[in-house]
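A.B. asks: coords-v3.cif is the file, holding mmCIF, C-alpha atoms:
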data_structure
loop_
_atom_site.group_PDB
_atom_site.id
_atom_site.type_symbol
_atom_site.label_atom_id
_atom_site.label_comp_id
_atom_site.auth_asym_id
_atom_site.auth_seq_id
_atom_site.Cartn_x
_atom_site.Cartn_y
_atom_site.Cartn_z
ATOM 1 C CA MET A 1 -0.479 10.046 -24.555
ATOM 2 C CA LYS A 2 -3.082 9.343 -21.907
ATOM 3 C CA GLY A 3 -4.930 6.076 -21.584
ATOM 4 C CA LYS A 4 -6.527 3.499 -19.340
ATOM 5 C CA ILE A 5 -4.709 0.175 -19.253
ATOM 6 C CA PHE A 6 -5.941 -3.241 -18.123
ATOM 7 C CA TYR A 7 -3.351 -5.908 -17.364
ATOM 8 C CA PHE A 8 -2.881 -8.964 -15.176
ATOM 9 C CA SER A 9 -1.115 -9.618 -11.890
ATOM 10 C CA GLY A 10 -1.451 -13.361 -11.574
ATOM 11 C CA LYS A 11 -5.171 -14.002 -12.097
ATOM 12 C CA THR A 12 -6.141 -10.489 -11.034
ATOM 13 C CA LYS A 13 -7.014 -7.925 -13.690
ATOM 14 C CA LEU A 14 -5.593 -4.563 -12.682
ATOM 15 C CA CYS A 15 -6.534 -1.159 -14.055
ATOM 16 C CA GLY A 16 -4.307 1.878 -14.355
ATOM 17 C CA ILE A 17 -4.013 5.219 -16.132
ATOM 18 C CA LEU A 18 -0.825 6.145 -17.994
ATOM 19 C CA ASN A 19 0.082 9.776 -18.595
ATOM 20 C CA LYS A 20 3.009 9.794 -21.004
ATOM 21 C CA VAL A 21 3.977 13.430 -21.446
ATOM 22 C CA ASN A 22 7.582 13.104 -22.637
ATOM 23 C CA ASN A 23 9.783 10.626 -24.502
ATOM 24 C CA THR A 24 12.146 9.714 -21.675
ATOM 25 C CA ASN A 25 12.305 6.210 -20.224
ATOM 26 C CA GLU A 26 11.512 7.466 -16.682
ATOM 27 C CA LEU A 27 8.133 6.857 -15.061
ATOM 28 C CA VAL A 28 6.592 7.806 -11.708
ATOM 29 C CA ILE A 29 4.238 5.163 -10.319
ATOM 30 C CA ILE A 30 1.661 6.281 -7.748
ATOM 31 C CA CYS A 31 0.282 3.822 -5.174
ATOM 32 C CA HIS A 32 -2.975 4.699 -3.417
ATOM 33 C CA ALA A 33 -3.928 4.296 0.245
ATOM 34 C CA ARG A 34 -5.618 1.268 1.819
ATOM 35 C CA THR A 35 -8.924 0.284 0.147
ATOM 36 C CA SER A 36 -8.820 3.573 -1.792
ATOM 37 C CA SER A 37 -8.250 3.794 -5.553
ATOM 38 C CA LYS A 38 -6.273 5.416 -8.359
ATOM 39 C CA ASP A 39 -9.071 8.007 -8.578
ATOM 40 C CA SER A 40 -8.730 9.267 -5.014
ATOM 41 C CA ARG A 41 -8.030 12.937 -4.404
ATOM 42 C CA PRO A 42 -4.308 12.536 -3.515
ATOM 43 C CA THR A 43 -3.495 10.249 -6.447
ATOM 44 C CA THR A 44 -5.314 12.323 -9.048
ATOM 45 C CA LEU A 45 -3.772 15.569 -7.788
ATOM 46 C CA LEU A 46 -0.341 13.941 -7.875
ATOM 47 C CA ALA A 47 -0.913 12.700 -11.424
ATOM 48 C CA ASP A 48 -2.134 16.109 -12.575
ATOM 49 C CA MET A 49 0.813 17.948 -11.032
ATOM 50 C CA LEU A 50 3.315 15.449 -12.444
ATOM 51 C CA SER A 51 1.800 15.797 -15.926
ATOM 52 C CA LYS A 52 1.883 19.594 -15.704
ATOM 53 C CA SER A 53 5.549 19.299 -14.709
ATOM 54 C CA ASN A 54 6.241 17.197 -17.827
ATOM 55 C CA ILE A 55 6.829 14.008 -15.832
ATOM 56 C CA ASN A 56 5.499 10.654 -17.042
ATOM 57 C CA ASN A 57 3.232 9.014 -14.477
ATOM 58 C CA PHE A 58 1.073 5.952 -13.911
ATOM 59 C CA ARG A 59 -1.491 5.340 -11.199
ATOM 60 C CA PHE A 60 -3.316 2.041 -10.715
ATOM 61 C CA ASP A 61 -5.824 0.185 -8.545
ATOM 62 C CA PHE A 62 -4.614 -2.566 -6.239
ATOM 63 C CA ILE A 63 -6.482 -5.865 -6.043
ATOM 64 C CA ALA A 64 -10.167 -5.491 -5.043
ATOM 65 C CA CYS A 65 -9.951 -1.691 -5.341
ATOM 66 C CA GLY A 66 -11.370 0.709 -7.928
ATOM 67 C CA GLU A 67 -11.628 -0.932 -11.342
ATOM 68 C CA SER A 68 -9.343 -3.865 -10.560
ATOM 69 C CA SER A 69 -10.792 -7.327 -9.997
ATOM 70 C CA GLY A 70 -10.638 -9.481 -6.862
ATOM 71 C CA ASN A 71 -12.484 -9.797 -3.586
ATOM 72 C CA MET A 72 -11.648 -8.330 -0.202
ATOM 73 C CA SER A 73 -10.733 -11.852 0.924
ATOM 74 C CA ASP A 74 -7.824 -11.549 -1.564
ATOM 75 C CA TYR A 75 -6.803 -8.126 -0.290
ATOM 76 C CA THR A 76 -3.475 -8.719 1.473
ATOM 77 C CA VAL A 77 -0.102 -7.019 1.677
ATOM 78 C CA THR A 78 1.444 -9.947 -0.194
ATOM 79 C CA ASN A 79 -0.955 -9.565 -3.112
ATOM 80 C CA MET A 80 -0.495 -5.794 -3.229
ATOM 81 C CA VAL A 81 3.287 -6.124 -3.302
ATOM 82 C CA ASN A 82 2.878 -8.619 -6.154
ATOM 83 C CA ASN A 83 0.600 -6.111 -7.904
ATOM 84 C CA LEU A 84 3.287 -3.443 -7.742
ATOM 85 C CA ASN A 85 6.069 -5.768 -8.890
ATOM 86 C CA ASP A 86 3.908 -6.908 -11.819
ATOM 87 C CA THR A 87 3.061 -3.293 -12.655
ATOM 88 C CA LEU A 88 6.747 -2.382 -12.800
ATOM 89 C CA TYR A 89 7.400 -5.400 -15.026
ATOM 90 C CA LYS A 90 4.503 -4.412 -17.314
ATOM 91 C CA MET A 91 5.701 -0.827 -17.655
ATOM 92 C CA GLU A 92 9.251 -1.976 -18.332
ATOM 93 C CA VAL A 93 8.584 -4.785 -20.811
ATOM 94 C CA ASP A 94 5.529 -3.492 -22.681
ATOM 95 C CA TYR A 95 6.052 0.267 -22.498
ATOM 96 C CA GLY A 96 9.828 0.604 -22.463
ATOM 97 C CA PHE A 97 10.274 2.473 -19.182
ATOM 98 C CA LYS A 98 13.582 1.686 -17.504
ATOM 99 C CA ASP A 99 13.871 4.155 -14.614
ATOM 100 C CA PHE A 100 11.201 4.370 -11.929
ATOM 101 C CA ILE A 101 10.230 6.693 -9.107
ATOM 102 C CA LEU A 102 7.642 5.394 -6.630
ATOM 103 C CA ILE A 103 5.156 7.448 -4.636
ATOM 104 C CA GLY A 104 3.039 5.799 -1.964
ATOM 105 C CA CYS A 105 0.196 7.265 0.096
ATOM 106 C CA SER A 106 -0.404 5.726 3.547
ATOM 107 C CA MET A 107 -0.656 1.953 2.887
ATOM 108 C CA GLY A 108 0.755 2.638 -0.586
ATOM 109 C CA ALA A 109 3.926 3.862 1.144
ATOM 110 C CA ARG A 110 4.190 0.532 2.942
ATOM 111 C CA ILE A 111 3.801 -1.351 -0.339
ATOM 112 C CA ILE A 112 6.504 0.609 -2.188
ATOM 113 C CA SER A 113 8.792 -0.026 0.765
ATOM 114 C CA LEU A 114 8.429 -3.776 0.160
ATOM 115 C CA VAL A 115 8.922 -3.769 -3.615
ATOM 116 C CA ASN A 116 11.546 -6.015 -5.204
ATOM 117 C CA TYR A 117 14.025 -3.166 -5.667
ATOM 118 C CA ASN A 118 16.797 -5.514 -6.800
ATOM 119 C CA GLN A 119 14.795 -6.374 -9.919
ATOM 120 C CA PHE A 120 13.946 -2.856 -11.090
ATOM 121 C CA ASN A 121 15.883 0.384 -11.471
ATOM 122 C CA ILE A 122 14.129 2.491 -8.868
ATOM 123 C CA LYS A 123 15.715 5.927 -8.621
ATOM 124 C CA LYS A 124 13.760 7.563 -5.794
ATOM 125 C CA ILE A 125 10.798 6.950 -3.484
ATOM 126 C CA VAL A 126 8.319 9.333 -1.861
ATOM 127 C CA LEU A 127 6.297 8.337 1.202
ATOM 128 C CA TRP A 128 3.221 10.415 1.984
ATOM 129 C CA TYR A 129 1.940 9.881 5.567
ATOM 130 C CA GLY A 130 3.383 6.382 5.345
ATOM 131 C CA ALA A 131 1.546 3.620 7.208
ATOM 132 C CA LEU A 132 4.766 1.814 8.046
ATOM 133 C CA ASP A 133 3.430 0.398 11.320
ATOM 134 C CA TYR A 134 6.585 1.338 13.184
ATOM 135 C CA PHE A 135 5.379 1.457 16.792
ATOM 136 C CA ARG A 136 3.243 -1.710 16.889
ATOM 137 C CA LYS A 137 5.878 -3.639 14.951
ATOM 138 C CA ILE A 138 8.398 -3.207 17.742
ATOM 139 C CA PHE A 139 6.636 -6.062 19.545
ATOM 140 C CA ASN A 140 4.794 -7.542 16.511
ATOM 141 C CA LEU A 141 1.739 -8.399 18.571
ATOM 142 C CA PRO A 142 -1.780 -8.839 17.178
ATOM 143 C CA SER A 143 -3.711 -5.588 17.116
ATOM 144 C CA LYS A 144 -7.200 -5.163 18.550
ATOM 145 C CA LYS A 145 -8.483 -5.152 14.996
ATOM 146 C CA GLU A 146 -6.818 -8.486 14.287
ATOM 147 C CA LYS A 147 -8.309 -10.008 17.430
ATOM 148 C CA ILE A 148 -11.777 -8.875 16.371
ATOM 149 C CA ALA A 149 -11.190 -10.255 12.865
ATOM 150 C CA LYS A 150 -10.106 -13.585 14.321
ATOM 151 C CA ARG A 151 -13.259 -13.768 16.423
ATOM 152 C CA GLN A 152 -15.752 -12.860 13.701
ATOM 153 C CA GLY A 153 -13.793 -13.550 10.496
ATOM 154 C CA TYR A 154 -13.347 -9.898 9.503
ATOM 155 C CA TYR A 155 -12.872 -6.380 10.802
ATOM 156 C CA CYS A 156 -15.105 -3.645 9.409
ATOM 157 C CA ILE A 157 -13.244 -0.401 8.673
ATOM 158 C CA GLU A 158 -14.549 2.859 7.226
ATOM 159 C CA LYS A 159 -17.408 2.789 4.720
ATOM 160 C CA GLY A 160 -18.358 -0.760 5.678
ATOM 161 C CA ILE A 161 -15.286 -2.305 4.060
ATOM 162 C CA LYS A 162 -14.381 -5.634 5.658
ATOM 163 C CA LEU A 163 -10.770 -6.715 6.075
ATOM 164 C CA SER A 164 -10.412 -10.471 6.470
ATOM 165 C CA TYR A 165 -8.569 -12.152 9.324
ATOM 166 C CA ASN A 166 -6.087 -13.371 6.708
ATOM 167 C CA TYR A 167 -5.274 -9.741 5.905
ATOM 168 C CA PHE A 168 -4.044 -9.099 9.446
ATOM 169 C CA VAL A 169 -2.116 -12.376 9.697
ATOM 170 C CA ASP A 170 -0.401 -11.632 6.382
ATOM 171 C CA GLU A 171 0.290 -8.009 7.333
ATOM 172 C CA ARG A 172 2.289 -9.011 10.420
ATOM 173 C CA LYS A 173 4.816 -10.904 8.286
ATOM 174 C CA TYR A 174 6.267 -7.676 6.911
ATOM 175 C CA PHE A 175 8.561 -5.045 8.387
ATOM 176 C CA ALA A 176 8.470 -2.281 5.786
ATOM 177 C CA TYR A 177 10.517 0.210 7.762
ATOM 178 C CA LYS A 178 13.377 -2.275 8.188
ATOM 179 C CA ASN A 179 13.464 -2.696 4.435
ATOM 180 C CA LEU A 180 13.875 1.074 4.130
ATOM 181 C CA TYR A 181 16.906 1.001 6.410
ATOM 182 C CA LYS A 182 18.731 -1.246 3.931
ATOM 183 C CA TRP A 183 17.647 0.589 0.804
ATOM 184 C CA GLU A 184 20.023 3.389 -0.172
ATOM 185 C CA VAL A 185 17.769 5.014 -2.785
ATOM 186 C CA PRO A 186 16.896 8.701 -2.051
ATOM 187 C CA LYS A 187 13.764 8.892 0.096
ATOM 188 C CA LEU A 188 11.355 11.727 0.831
ATOM 189 C CA PHE A 189 9.043 11.419 3.850
ATOM 190 C CA ILE A 190 6.134 13.880 4.024
ATOM 191 C CA HIS A 191 3.813 13.779 7.025
ATOM 192 C CA GLY A 192 1.319 16.055 8.739
ATOM 193 C CA THR A 193 1.642 16.788 12.448
ATOM 194 C CA ASN A 194 -2.131 16.456 12.959
ATOM 195 C CA ASP A 195 -2.425 12.967 11.452
ATOM 196 C CA SER A 196 -4.933 11.028 13.562
ATOM 197 C CA TYR A 197 -4.476 7.760 11.626
ATOM 198 C CA VAL A 198 -0.691 7.372 11.434
ATOM 199 C CA ASN A 199 1.547 8.920 14.084
ATOM 200 C CA TYR A 200 3.860 11.387 12.347
ATOM 201 C CA LYS A 201 6.601 10.524 14.837
ATOM 202 C CA SER A 202 7.021 7.201 13.035
ATOM 203 C CA SER A 203 8.203 9.100 9.942
ATOM 204 C CA ILE A 204 10.628 11.065 12.114
ATOM 205 C CA LYS A 205 12.130 7.947 13.681
ATOM 206 C CA ILE A 206 12.313 5.945 10.453
ATOM 207 C CA SER A 207 13.729 8.769 8.326
ATOM 208 C CA LYS A 208 16.498 9.368 10.881
ATOM 209 C CA LYS A 209 17.614 5.735 10.579
ATOM 210 C CA CYS A 210 17.459 5.694 6.770
ATOM 211 C CA LYS A 211 20.317 6.506 4.458
ATOM 212 C CA ASN A 212 19.833 9.310 1.946
ATOM 213 C CA SER A 213 16.498 10.515 3.329
ATOM 214 C CA LYS A 214 14.693 13.830 3.724
ATOM 215 C CA LEU A 215 11.783 14.552 6.065
ATOM 216 C CA VAL A 216 9.152 17.246 5.537
ATOM 217 C CA LEU A 217 6.660 17.810 8.347
ATOM 218 C CA ILE A 218 3.599 19.860 7.462
ATOM 219 C CA LYS A 219 2.305 21.675 10.513
ATOM 220 C CA ASN A 220 -1.321 20.853 11.434
ATOM 221 C CA ALA A 221 -1.839 18.756 8.283
ATOM 222 C CA ASP A 222 -4.089 15.718 8.605
ATOM 223 C CA HIS A 223 -3.983 12.239 7.072
ATOM 224 C CA GLY A 224 -4.628 12.836 3.383
ATOM 225 C CA PHE A 225 -3.638 16.526 3.347
ATOM 226 C CA HIS A 226 -7.259 17.646 3.026
ATOM 227 C CA ASP A 227 -6.375 21.280 3.638
ATOM 228 C CA GLU A 228 -5.562 22.913 0.306
ATOM 229 C CA ASN A 229 -2.410 24.627 1.576
ATOM 230 C CA SER A 230 -1.104 21.371 3.031
ATOM 231 C CA MET A 231 -1.712 19.534 -0.228
ATOM 232 C CA ASP A 232 -0.060 22.309 -2.255
ATOM 233 C CA LEU A 233 3.029 22.129 -0.055
ATOM 234 C CA ALA A 234 3.193 18.338 -0.296
ATOM 235 C CA LEU A 235 2.902 18.504 -4.094
ATOM 236 C CA LYS A 236 5.569 21.205 -4.342
ATOM 237 C CA GLU A 237 8.025 19.283 -2.159
ATOM 238 C CA THR A 238 7.389 16.097 -4.152
ATOM 239 C CA ILE A 239 7.947 17.700 -7.554
ATOM 240 C CA ASN A 240 11.108 19.458 -6.369
ATOM 241 C CA PHE A 241 12.458 16.191 -4.991
ATOM 242 C CA ILE A 242 11.760 14.364 -8.254
ATOM 243 C CA ILE A 243 13.257 16.921 -10.630
ATOM 244 C CA LYS A 244 16.338 17.927 -8.636
#
Mind turning the file's structure into structure tokens?
C.D. replies:
Amino acid sequence: MKGKIFYFSGKTKLCGILNKVNNTNELVIICHARTSSKDSRPTTLLADMLSKSNINNFRFDFIACGESSGNMSDYTVTNMVNNLNDTLYKMEVDYGFKDFILIGCSMGARIISLVNYNQFNIKKIVLWYGALDYFRKIFNLPSKKEKIAKRQGYYCIEKGIKLSYNYFVDERKYFAYKNLYKWEVPKLFIHGTNDSYVNYKSSIKISKKCKNSKLVLIKNADHGFHDENSMDLALKETINFIIK
């Protein structure tokens, strides 16, 4: 069964695509990168590979992304975490899935790290080039981007997308990597050594302090694994981790 699903997270209408390829009660949920969508290259390749490996999967758009509703003024870490919690609840109550594996790309990795894991039976997590904000969070000081957003009301990132000042204020409330330290679920960190957006050394430091974790560094891979060989390796490591 494959189908597009619309559902609510609070007042926000979210959109996702369910690929149900077996009759088990296990589901992999894929979370896209910041201001990206469920139809991005990494998320669609993950969904395709999971389906080919006979693994149920679901990918969805966070608030104000892709086909989901909402404005960029509503785009915050808090709302995205709520989106994921509500997605898990929807898949559990309406579709009968009981066991979950979470995969997050960049910002999506931060969001899965903040999920309410006491409420749901999450078996494993996979963090692709996780934007866990490790180095700046040591001091928890406003970034240059936040200072610009405070001055003009927003910060313009790639493709003209504007992040509100509220986004940055909200973002600083969370310490995703500390949450990972407490969480004993098996974790797979995959990061490229040529990532110009997120320092791969953060994955090294965090994974070393986490219980039950594995780190895979992909030599010369960038943020997003745009090289075909890098992506193939990331997909292979992810599938092996899930099925073992």
A.B. asks: Return as JSON lines the residues of region 25-78 of chain A lying at most 6 Å from region 96-111 of chain A, together with the closest atom-to-atom pair for each and the distance in Å to one decimal, counting all atoms listed in the file, with rows in chain order and ascending residue number.
C.D. replies:
{"residue": "A:Asn25", "atom": "CA", "partner": "A:Phe97", "partner_atom": "CA", "distance": 4.4}
{"residue": "A:Glu26", "atom": "CA", "partner": "A:Asp99", "partner_atom": "CA", "distance": 4.6}
{"residue": "A:Leu27", "atom": "CA", "partner": "A:Phe100", "partner_atom": "CA", "distance": 5.0}
{"residue": "A:Val28", "atom": "CA", "partner": "A:Ile101", "partner_atom": "CA", "distance": 4.6}
{"residue": "A:Ile29", "atom": "CA", "partner": "A:Leu102", "partner_atom": "CA", "distance": 5.0}
{"residue": "A:Ile30", "atom": "CA", "partner": "A:Ile103", "partner_atom": "CA", "distance": 4.8}
{"residue": "A:Cys31", "atom": "CA", "partner": "A:Gly104", "partner_atom": "CA", "distance": 4.7}
{"residue": "A:His32", "atom": "CA", "partner": "A:Gly108", "partner_atom": "CA", "distance": 5.1}
{"residue": "A:Ala33", "atom": "CA", "partner": "A:Met107", "partner_atom": "CA", "distance": 4.8}
{"residue": "A:Arg34", "atom": "CA", "partner": "A:Met107", "partner_atom": "CA", "distance": 5.1}
A.B. asks: Could you jot down the CA of Thr76 (chain A) to CA of Asn166 (chain A) separation for me, Å, one decimal place?
C.D. replies: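 For CA of Thr76 (chain A) relative to CA of Asn166 (chain A), the distance reads 7.5 Å.
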A.B. asks: Decode the PyMOL selection byres ((chain A and resi 56-64) around 7) for the given file into explicit residues and return them as a PyMOL selection string.
C.D. replies: chain A and resi 12+14-22+26-31+37-38+47+50-51+54-55+65-72+75+80+83
A.B. asks: Take CA of Tyr197 (chain A) and CA of Phe175 (chain A) and report the distance between them in Å, one decimal.
C.D. replies: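 The value is 18.6 Å.
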A.B. asks: One decimal, Å: what's the distance from CA of Phe225 (chain A) over to CA of Leu163 (chain A), could you say?
C.D. replies: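 We find that CA of Phe225 (chain A) and CA of Leu163 (chain A) lie 24.5 Å from each other.
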A.B. asks: Counting only C-alpha atoms, which of A:Leu235, A:Leu45, A:Leu217, A:Leu88 gets nearest to Tyr117 (chain A)?
C.D. replies: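 Nearest to Tyr117 (chain A): A:Leu88.
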